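Read the structure below first, then the notes.
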Amino acid sequence: MLATGAGAAAAADTAAPAKPVPAQPQPAKANAAPAPEFGPNVRIFDPSMPVAEIQATVDAITAEQVDDEMGSKRYSLLFKPGTYGSAEEPLIVQVGYSTEVAGLGASPRMSPSTGTSTSTTGAWPRTTASR
């Protein structure tokens, strides 16, 4: 039987539903790994950070640690590869008790600083290391 006119429209409405169009494959989303959490006493510095910001962080930790020989807080100051400080704005790192300073490069030469590093603990003679 062939439907015509209004009947054809009604027949089309009751016809089997159209097959769904398969979804186009989506490009794989880059699953950015969350930044690792090293705890509240680990500071990781990047050469793109302003020297004044790094200096303020280091100075605050030094002030907290300078008389805290038997304290329970430990700090790690980690520097990503790159250059820190300049002749005009040197980075001065005073290391107190229970504070570790390390470069994260494959060798120490990958995280040079222009400035000084000194021990403020009195446990060793005050020494200065500069580049």
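Scheme for the structure tokens: letters A, B, ... for chains in order shown; per-chain residue numbers from 1; ligand numbers from 1 in order shown.
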Item checked: A:Ile54 surroundings by only C-alpha atoms, 10 Å radius, close-in-sequence under 6 positions cut, as a PyMOL selection string -> chain A and resi 43-47+77+84-85+91-93
Notebook entry, point to check: Just how far from atom CA of A:Glu88 is atom CA of A:Ser107, in Å to one decimal?
Noted result: 25.6 Å
Using only C-alpha atoms, which protein or nucleic acid residues come within 12 Å of A:Met49? Drop anything in the same chain fewer than 6 positions from it, and give the result as a tab-separated table (two decimals) with N, CA and C atoms, in the first residue's frame.
```tsv
chain	number	residue	atom	x	y	z
A	55	GLN	N	64.45	35.21	47.44
A	55	GLN	CA	65.21	35.74	48.57
A	55	GLN	C	64.32	35.86	49.80
A	56	ALA	N	63.09	36.35	49.63
A	56	ALA	CA	62.18	36.49	50.77
A	56	ALA	C	61.85	35.14	51.40
A	57	THR	N	61.65	34.12	50.58
A	57	THR	CA	61.36	32.78	51.08
A	57	THR	C	62.55	32.22	51.85
A	79	PHE	N	66.36	23.78	43.71
A	79	PHE	CA	66.45	24.71	42.60
A	79	PHE	C	66.45	23.95	41.28
A	80	LYS	N	65.46	24.24	40.44
A	80	LYS	CA	65.42	23.64	39.11
A	80	LYS	C	66.59	24.17	38.29
A	82	GLY	N	68.90	26.11	35.91
A	82	GLY	CA	68.82	27.48	35.42
A	82	GLY	C	69.73	28.36	36.24
A	83	THR	N	69.75	29.63	35.95
A	83	THR	CA	70.62	30.57	36.66
A	83	THR	C	69.78	31.41	37.60
A	84	TYR	N	70.27	31.59	38.80
A	84	TYR	CA	69.57	32.35	39.84
A	84	TYR	C	70.44	33.52	40.26
A	85	GLY	N	69.84	34.69	40.32
A	85	GLY	CA	70.56	35.88	40.74
A	85	GLY	C	71.40	36.45	39.61
A	91	LEU	N	71.57	36.43	44.65
A	91	LEU	CA	70.77	35.58	45.54
A	91	LEU	C	71.69	35.16	46.67
```
Checklist line | Counting only C-alpha atoms, the residue of A:Met70, A:Ala87, A:Val58, A:Tyr75 that sits nearest A:Gly39 | finding: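 For A:Gly39, the nearest of the given residues is A:Tyr75.
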Item checked: Between atom CA of A:Ala106 and atom CA of A:Ser76, distance in Å (one decimal) -> 17.6 Å
Checklist line | Coordinates-based distance that separates atom CA of A:Leu104 from atom CA of A:Pro90 (Å, one decimal) | finding: 19.8 Å
Next item on the list: Based on DSSP run over this structure's backbone, return all residues of stretch 20-115 of chain A in helix (DSSP H, G or I), as a PyMOL selection string.
Entry: chain A and resi 51-65+108-110
Requested write-out: C-alpha atoms of the selected residues, as an mmCIF file, in the first residue's frame:
```cif
data_model
loop_
_atom_site.group_PDB
_atom_site.id
_atom_site.type_symbol
_atom_site.label_atom_id
_atom_site.label_comp_id
_atom_site.auth_asym_id
_atom_site.auth_seq_id
_atom_site.Cartn_x
_atom_site.Cartn_y
_atom_site.Cartn_z
ATOM 1 C CA VAL A 51 64.945 36.776 42.724
ATOM 2 C CA ALA A 52 63.247 38.985 45.338
ATOM 3 C CA GLU A 53 60.549 36.322 45.849
ATOM 4 C CA ILE A 54 63.129 33.547 46.247
ATOM 5 C CA GLN A 55 65.206 35.740 48.565
ATOM 6 C CA ALA A 56 62.176 36.490 50.766
ATOM 7 C CA THR A 57 61.357 32.777 51.085
ATOM 8 C CA VAL A 58 64.956 31.843 51.897
ATOM 9 C CA ASP A 59 65.284 34.688 54.426
ATOM 10 C CA ALA A 60 62.080 33.653 56.233
ATOM 11 C CA ILE A 61 63.287 30.060 56.561
ATOM 12 C CA THR A 62 66.725 31.224 57.728
ATOM 13 C CA ALA A 63 65.159 33.451 60.392
ATOM 14 C CA GLU A 64 63.072 30.523 61.632
ATOM 15 C CA GLN A 65 65.963 28.047 61.664
ATOM 16 C CA PRO A 108 75.730 21.062 40.117
ATOM 17 C CA ARG A 109 76.635 23.283 37.173
ATOM 18 C CA MET A 110 73.032 23.131 35.953
#
```
Checklist line | From A:Ser98, A:Asn31, A:Ser48, A:Asn41, residue lying nearest A:Leu78 [only C-alpha atoms] | finding: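 That would be A:Asn41, the residue with the smallest distance to A:Leu78.
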Next item on the list: Tell me, as a list in words, which residues lie within 9 Å of A:Asp68, counting only C-alpha atoms; anything in the same chain fewer than 4 positions away does not count.
Entry: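 What passes the distance filter is Glu64, Ser72, Lys73, Gly96, Tyr97, Ser98 and Thr121 of chain A.
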